[in-house]
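This is data.cif. It holds mmCIF, C-alpha atoms.
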data_data
loop_
_atom_site.label_atom_id
_atom_site.label_comp_id
_atom_site.auth_asym_id
_atom_site.auth_seq_id
_atom_site.Cartn_x
_atom_site.Cartn_y
_atom_site.Cartn_z
CA MET A 230 0.00 0.00 0.00
CA GLU A 231 1.11 3.55 -0.73
CA GLU A 232 0.66 6.46 1.62
CA VAL A 233 -1.50 9.32 0.43
CA GLU A 234 -2.29 12.31 2.57
CA PHE A 235 -2.56 11.51 6.27
CA VAL A 236 -0.15 9.91 8.71
CA GLY A 237 -0.88 10.10 12.43
CA GLU A 238 0.63 8.38 15.44
CA PHE A 239 -1.69 5.37 15.15
CA VAL A 240 -3.63 5.89 11.90
CA ARG A 241 -2.55 6.44 8.33
CA VAL A 242 -4.46 6.74 5.08
CA GLU A 243 -3.03 4.75 2.17
CA THR A 244 -4.11 3.83 -1.33
CA ASP A 245 -4.27 0.27 -2.51
CA PRO A 246 -1.62 -0.16 -5.25
CA ASP A 247 -3.96 -2.15 -7.48
CA HIS A 248 -6.95 0.15 -6.94
CA PRO A 249 -5.77 3.77 -6.56
CA ALA A 250 -9.33 5.02 -5.98
CA VAL A 251 -9.62 2.83 -2.88
CA ALA A 252 -8.32 4.47 0.30
CA VAL A 253 -7.32 2.35 3.28
CA ILE A 254 -7.71 3.75 6.78
CA ARG A 255 -5.03 1.67 8.49
CA LEU A 256 -5.08 1.40 12.29
CA ASP A 257 -1.76 0.56 13.92
CA ARG A 258 -1.65 0.86 17.70
CA PRO A 259 0.20 -2.18 19.06
CA LYS A 260 -0.66 -4.65 20.28
CA VAL A 261 -4.42 -4.81 19.68
CA ASN A 262 -5.42 -1.38 18.33
CA ALA A 263 -7.16 -0.49 21.59
CA LEU A 264 -9.14 2.70 21.13
CA ASN A 265 -7.71 5.56 23.16
CA ALA A 266 -8.25 9.31 22.80
CA VAL A 267 -5.46 9.75 20.23
CA LEU A 268 -6.54 6.84 18.05
CA THR A 269 -10.15 8.04 18.20
CA ALA A 270 -9.18 11.57 17.12
CA GLU A 271 -7.07 10.20 14.27
CA ILE A 272 -9.92 8.01 13.04
CA ALA A 273 -12.08 11.15 12.92
CA GLU A 274 -9.38 13.02 11.00
CA ALA A 275 -8.92 10.16 8.53
CA ALA A 276 -12.68 9.90 7.93
CA THR A 277 -12.89 13.64 7.31
CA ARG A 278 -10.04 13.54 4.82
CA VAL A 279 -11.28 10.60 2.76
CA SER A 280 -14.77 12.10 2.72
CA ALA A 281 -13.45 15.33 1.19
CA ASP A 282 -10.97 13.78 -1.27
CA PRO A 283 -12.56 13.44 -4.75
CA ALA A 284 -9.85 10.96 -5.77
CA VAL A 285 -11.13 8.53 -3.15
CA ARG A 286 -14.11 6.54 -4.40
CA ALA A 287 -14.24 3.75 -1.79
CA VAL A 288 -12.74 3.05 1.63
CA VAL A 289 -11.41 0.08 3.60
CA LEU A 290 -11.07 0.10 7.41
CA TYR A 291 -8.21 -2.24 8.32
CA GLY A 292 -6.46 -3.06 11.57
CA GLY A 293 -3.84 -5.39 10.14
CA GLU A 294 -3.39 -9.12 9.68
CA ARG A 295 -3.82 -10.09 13.34
CA VAL A 296 -6.52 -7.88 14.86
CA PHE A 297 -9.09 -5.30 13.87
CA VAL A 298 -9.75 -3.51 17.18
CA ALA A 299 -9.90 -5.48 20.42
CA GLY A 300 -11.88 -2.76 22.18
CA ALA A 301 -11.47 0.51 24.03
CA ASP A 302 -8.44 1.25 26.20
CA ILE A 303 -9.90 0.27 29.59
CA LYS A 304 -6.89 1.57 31.50
CA GLU A 305 -7.46 5.02 30.03
CA MET A 306 -11.11 5.19 31.06
CA ALA A 307 -11.35 3.10 34.25
CA ASP A 308 -10.86 5.97 36.72
CA ARG A 309 -12.58 8.74 34.78
CA THR A 310 -15.48 10.59 36.34
CA HIS A 311 -19.03 10.77 35.05
CA ALA A 312 -18.41 14.26 33.67
CA GLU A 313 -15.20 13.17 31.97
CA MET A 314 -16.90 10.18 30.38
CA LEU A 315 -19.65 12.34 28.95
CA GLU A 316 -17.00 14.16 26.92
CA TYR A 317 -14.99 11.00 26.20
CA GLY A 318 -18.08 9.19 24.95
CA ARG A 319 -19.11 12.15 22.83
CA ASN A 320 -15.74 12.21 21.09
CA LEU A 321 -15.86 8.47 20.43
CA GLN A 322 -19.41 8.61 19.08
CA ASN A 323 -18.57 11.61 16.92
CA ALA A 324 -15.55 9.85 15.41
CA LEU A 325 -17.57 6.78 14.48
CA THR A 326 -20.39 8.92 13.15
CA LEU A 327 -17.90 10.59 10.82
CA VAL A 328 -16.94 7.11 9.59
CA SER A 329 -20.58 6.16 9.08
CA ARG A 330 -21.18 9.33 7.05
CA ILE A 331 -18.27 8.94 4.65
CA PRO A 332 -20.21 9.52 1.40
CA LYS A 333 -18.58 6.56 -0.31
CA PRO A 334 -18.81 2.77 0.02
CA VAL A 335 -16.93 1.66 3.17
CA VAL A 336 -15.98 -1.88 4.21
CA ALA A 337 -14.47 -3.07 7.47
CA ALA A 338 -11.81 -5.77 6.96
CA VAL A 339 -12.10 -7.71 10.22
CA THR A 340 -9.29 -9.97 11.40
CA GLY A 341 -8.83 -11.37 14.90
CA TYR A 342 -10.93 -9.48 17.41
CA ALA A 343 -13.56 -6.80 16.80
CA LEU A 344 -14.85 -6.22 20.32
CA GLY A 345 -16.61 -3.34 22.02
CA GLY A 346 -15.55 -0.15 20.28
CA GLY A 347 -13.93 -2.31 17.61
CA LEU A 348 -17.23 -3.89 16.63
CA GLU A 349 -18.86 -0.48 16.88
CA LEU A 350 -16.30 0.84 14.38
CA ALA A 351 -17.04 -2.07 12.06
CA LEU A 352 -20.77 -1.35 12.40
CA ALA A 353 -20.13 2.18 11.12
CA ALA A 354 -19.05 0.69 7.77
CA ASP A 355 -21.45 -0.30 5.00
CA PHE A 356 -20.09 -3.85 4.79
CA ARG A 357 -18.02 -6.23 6.90
CA VAL A 358 -15.62 -8.83 5.50
CA VAL A 359 -14.67 -11.17 8.33
CA GLY A 360 -11.89 -13.71 8.68
CA GLU A 361 -12.80 -17.27 9.59
CA GLY A 362 -10.95 -17.01 12.89
CA ALA A 363 -12.40 -13.64 13.92
CA ARG A 364 -14.40 -12.99 17.08
CA LEU A 365 -16.95 -10.20 17.29
CA GLY A 366 -18.85 -8.90 20.29
CA VAL A 367 -19.92 -6.11 22.60
CA PRO A 368 -18.65 -7.34 26.00
CA GLU A 369 -19.12 -4.06 27.90
CA ILE A 370 -21.77 -5.61 30.19
CA GLN A 371 -18.98 -7.69 31.71
CA LEU A 372 -17.37 -4.43 32.85
CA GLY A 373 -20.57 -3.15 34.42
CA VAL A 374 -21.41 -0.74 31.57
CA ILE A 375 -23.08 -0.82 28.15
CA PRO A 376 -21.78 -0.12 24.64
CA GLY A 377 -21.23 3.60 24.28
CA ALA A 378 -20.21 4.18 20.66
CA GLY A 379 -23.28 3.01 18.78
CA GLY A 380 -23.55 -0.64 19.79
CA THR A 381 -27.04 -0.31 21.25
CA GLN A 382 -28.21 1.55 18.16
CA ARG A 383 -26.40 0.27 15.06
CA LEU A 384 -26.31 -3.39 16.08
CA PRO A 385 -30.12 -3.84 16.46
CA ARG A 386 -30.67 -1.94 13.22
CA LEU A 387 -28.41 -4.45 11.49
CA ILE A 388 -29.33 -7.81 13.06
CA GLY A 389 -32.64 -7.08 14.80
CA PRO A 390 -33.40 -6.12 18.41
CA ALA A 391 -33.66 -9.60 19.94
CA ARG A 392 -30.32 -10.85 18.57
CA ALA A 393 -28.66 -7.56 19.48
CA LYS A 394 -30.03 -7.68 23.03
CA GLU A 395 -28.74 -11.23 23.47
CA MET A 396 -25.25 -10.19 22.40
CA ILE A 397 -25.33 -7.02 24.53
CA PHE A 398 -26.86 -8.66 27.62
CA SER A 399 -24.44 -11.61 27.57
CA GLY A 400 -21.32 -9.89 26.26
CA ARG A 401 -20.35 -13.10 24.50
CA HIS A 402 -18.06 -13.33 21.47
CA VAL A 403 -19.64 -14.34 18.17
CA ARG A 404 -17.63 -16.53 15.81
CA ALA A 405 -17.43 -15.78 12.10
CA GLU A 406 -19.90 -18.47 11.03
CA GLU A 407 -22.60 -17.15 13.34
CA ALA A 408 -21.80 -13.56 12.35
CA GLY A 409 -22.53 -14.48 8.75
CA ARG A 410 -25.71 -16.32 9.65
CA ILE A 411 -27.21 -13.40 11.59
CA GLY A 412 -26.18 -10.73 9.10
CA LEU A 413 -23.32 -9.26 11.11
CA ALA A 414 -20.77 -10.36 8.48
CA ASP A 415 -21.37 -9.87 4.77
CA GLU A 416 -18.55 -12.13 3.60
CA ILE A 417 -16.44 -14.72 5.43
CA VAL A 418 -13.04 -15.62 4.01
CA PRO A 419 -9.81 -17.29 5.20
CA ASP A 420 -7.96 -15.03 7.63
CA GLY A 421 -5.13 -14.36 5.20
CA ASP A 422 -7.55 -13.21 2.49
CA VAL A 423 -9.49 -10.60 4.50
CA TYR A 424 -7.74 -7.49 3.18
CA ARG A 425 -7.82 -8.48 -0.50
CA ALA A 426 -11.46 -9.59 -0.24
CA ALA A 427 -12.42 -6.30 1.38
CA VAL A 428 -10.70 -4.29 -1.34
CA ALA A 429 -12.37 -6.40 -4.03
CA LEU A 430 -15.77 -5.83 -2.44
CA VAL A 431 -15.60 -2.01 -2.61
CA ALA A 432 -13.38 -1.69 -5.69
CA ARG A 433 -16.36 -2.70 -7.82
CA TYR A 434 -17.95 0.66 -6.91
CA ALA A 435 -14.86 2.80 -7.52
CA GLU A 436 -15.70 3.42 -11.17
CA GLY A 437 -19.37 4.01 -10.48
CA PRO A 438 -21.28 7.31 -10.38
CA ALA A 439 -19.89 8.80 -7.18
CA VAL A 440 -22.65 11.36 -6.64
CA ALA A 441 -25.36 8.76 -7.12
CA LEU A 442 -23.60 6.32 -4.78
CA ALA A 443 -23.38 9.00 -2.10
CA ALA A 444 -27.07 9.79 -2.60
CA ALA A 445 -28.01 6.11 -2.38
CA LYS A 446 -26.05 5.69 0.84
CA GLU A 447 -27.59 8.74 2.46
CA ALA A 448 -31.10 7.80 1.33
CA VAL A 449 -30.81 4.33 2.88
CA ASP A 450 -29.10 5.46 6.09
CA ARG A 451 -31.31 8.48 6.74
CA GLY A 452 -34.41 6.57 5.68
CA LEU A 453 -33.73 3.95 8.35
CA GLU A 454 -33.78 6.72 10.94
CA THR A 455 -37.26 7.96 10.09
CA ASP A 456 -40.79 6.88 9.06
CA LEU A 457 -41.57 5.50 5.61
CA ASP A 458 -43.17 8.66 4.23
CA SER A 459 -40.18 10.78 5.27
CA GLY A 460 -37.81 8.19 3.86
CA LEU A 461 -39.64 8.21 0.53
CA GLU A 462 -39.36 12.01 0.44
CA ILE A 463 -35.59 11.77 1.04
CA GLU A 464 -35.39 9.28 -1.82
CA ARG A 465 -37.51 11.43 -4.17
CA LEU A 466 -35.39 14.53 -3.63
CA HIS A 467 -32.12 12.67 -4.16
CA PHE A 468 -33.50 10.94 -7.25
CA ALA A 469 -34.58 14.21 -8.84
CA GLY A 470 -31.39 15.99 -7.81
CA LEU A 471 -29.23 13.50 -9.67
CA PHE A 472 -30.66 14.78 -12.95
CA ALA A 473 -28.39 17.79 -12.45
CA THR A 474 -25.26 15.62 -12.69
CA GLU A 475 -23.01 14.78 -15.61
CA ASP A 476 -23.07 11.12 -14.58
CA GLN A 477 -26.84 10.97 -15.11
CA LYS A 478 -26.50 12.45 -18.59
CA ASN A 479 -23.66 10.07 -19.46
CA GLY A 480 -25.40 7.07 -17.95
CA MET A 481 -28.72 7.54 -19.70
CA ARG A 482 -27.17 8.57 -23.02
CA SER A 483 -24.93 5.49 -22.93
CA PHE A 484 -27.91 3.27 -22.16
CA VAL A 485 -29.88 4.61 -25.12
CA GLU A 486 -26.96 4.47 -27.55
CA GLN A 487 -25.01 1.38 -26.40
CA GLY A 488 -27.23 -0.59 -24.05
CA PRO A 489 -26.86 -1.20 -20.31
CA GLY A 490 -23.62 -1.46 -18.35
CA LYS A 491 -21.30 0.48 -20.68
CA ALA A 492 -21.40 3.99 -19.24
CA VAL A 493 -18.21 5.71 -18.10
CA PHE A 494 -18.73 7.97 -15.09
CA ASN A 495 -16.58 10.92 -14.03
CA GLY A 496 -18.04 11.41 -10.55
CA ARG A 497 -19.67 14.75 -11.32
#

As C-alpha cells, please, write out the structure in this file.
Amino acid sequence: MEEVEFVGEFVRVETDPDHPAVAVIRLDRPKVNALNAVLTAEIAEAATRVSADPAVRAVVLYGGERVFVAGADIKEMADRTHAEMLEYGRNLQNALTLVSRIPKPVVAAVTGYALGGGLELALAADFRVVGEGARLGVPEIQLGVIPGAGGTQRLPRLIGPARAKEMIFSGRHVRAEEAGRIGLADEIVPDGDVYRAAVALVARYAEGPAVALAAAKEAVDRGLETDLDSGLEIERLHFAGLFATEDQKNGMRSFVEQGPGKAVFNGR
C-alpha cells in the first residue's frame, strides 16, 4: 500500500496499489489497536479527509493481519469521572459517526478481534468482511457498563433487536460463522484473504457514479432513521437531484446508444 495524505501516530491513510481510488484507513496501535483518545481523534481526521478527497471513491477500514480492534483502552477510562466520560463518549461517538457518514462505500476488513468499540467501528461501515478465525462482540456488560459508541443503536438496526439484546446482555463473542448467519458479516473468508477480499468488495464501486452512490447511501441510512413517508421524500429529492449531474447524462445517453452497463462515469 502507498501512503497518500494523512499519517498520524496510530492511523494512516493509504491507497491500494492495485486500486488507486480505494483508500485504506489503516489502524496501527500495538498490540491490539485499543481505542484511546489519540486513536479516536485520528480516526475522525482520517474519515474527514477521505470524505473530502474526490480521488477517493471507496474506503477500507483495516487493523492489520492479526486484529481489527480489540476494544477501548480500559486503562485510560477506568478511573474517569461521570463528567469526563460524557466528553470521552461524545468524542468516540462523533468519530464513528464521521466514519458512518463517509459519502462513499466503506468496508471493514475484520481480522482477529472486533470487540466493544472495535465492533462499533465495524458497524459504522457499510459492509463487513470477516476472517474465519475472527471474534466479534460487545462485552461491555462484563465491565458493568453498556456499549457507548453506537452498539445499542447500530447493532439492532443491522441484526434485529432480539439478537442484538442477546449479544449485549451476555457480552459473549460471536464466531465468524454465526456472524454471517445473523447478518453481522457480509462475507467470510480465510484469515489471510481478508484485506484483499475487502478491497475487491468495494473496488467494484470505484468506477461508479460517485454522486449517485453517495445519494443512495444517504437515502438508505437516513431513511432507516425515520418513518416511511419521510424516507420516501428523502429518496424522491435525491433521485430528482441526480438529474443535475453529468453522470446521469452520461449514464442515460450510454444506455440509449449502447445498451446497459457500458457507461463511463466521471463522478460529477

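Each of A:Leu442, A:Leu325, A:Leu471, A:Ile397 was checked against Gly373 in chain A using all atoms listed in the file; the smallest atom-to-atom distance is that of A:Ile397.
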
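The list of residues with at least one atom within 7 Å of Ala301 in chain A, based on only C-alpha atoms and without residues fewer than 6 positions apart in the same chain, reads Ala263, Leu264, Asn265, Gly345 and Gly346 of chain A.
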
| request: Can you turn the PyMOL selection byres ((chain A and resi 318-323) around 9) into a concrete residue list for this file, as a VMD selection string? | output: chain A and resid 264 266 269 to 270 273 313 to 317 324 to 328 346 377 to 379

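Excluding Asn262 in chain A itself and any same-chain residue fewer than 4 positions from it, the protein and nucleic acid residues within 8 Å of it, counting all atoms listed in the file, are Leu256, Asp257, Arg258, Gly292, Val296, Phe297, Val298, Ala299 and Gly300 of chain A.
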
TODO: Find the spatial neighbours of Val440 in chain A, counting only C-alpha atoms, within a cut-off of 8 Å - ignore same-chain residues fewer than 6 positions away - and output them as a VMD selection string.
DONE: chain A and resid 471 474 476 496 to 497

Take the residues from that selection and put them in a file with C-alpha atoms, as a tab-separated table (two decimals), in the frame of the given file.
chain	number	residue	atom	x	y	z
A	471	LEU	CA	-29.23	13.50	-9.67
A	474	THR	CA	-25.26	15.62	-12.69
A	476	ASP	CA	-23.07	11.12	-14.58
A	496	GLY	CA	-18.04	11.41	-10.55
A	497	ARG	CA	-19.67	14.75	-11.32

Subject >> range 275-284 of chain A surroundings by all atoms listed in the file, 7 Å radius, close-in-sequence under 5 positions cut, as a ChimeraX atom specification >> reply: /A:235,242,250,254,327-328,331-332

TODO: Would you translate the PyMOL selection byres ((chain A and resi 467) around 10) into the concrete set of residues it matches in this file, as a PyMOL selection string?
DONE: chain A and resi 440-441+443-445+447-448+461-466+468-472

Separating CA of Glu475 in chain A from CA of Arg286 in chain A, to the nearest tenth of an Å, is a gap of 16.5 Å

Would you write out, as JSON lines, a table of all residues in range 294-369 of chain A that have an atom no more than 7 Å from an atom of range 421-426 of chain A, listing for each the closest atom pair and the distance in Å to one decimal, considering all atoms listed in the file and ordering rows by chain and rising residue number?
{"residue": "A:Ala338", "atom": "CA", "partner": "A:Tyr424", "partner_atom": "CA", "distance": 5.8}
{"residue": "A:Val339", "atom": "CA", "partner": "A:Val423", "partner_atom": "CA", "distance": 6.9}
{"residue": "A:Thr340", "atom": "CA", "partner": "A:Val423", "partner_atom": "CA", "distance": 6.9}
{"residue": "A:Val358", "atom": "CA", "partner": "A:Val423", "partner_atom": "CA", "distance": 6.5}
{"residue": "A:Val359", "atom": "CA", "partner": "A:Val423", "partner_atom": "CA", "distance": 6.5}
{"residue": "A:Gly360", "atom": "CA", "partner": "A:Val423", "partner_atom": "CA", "distance": 5.7}
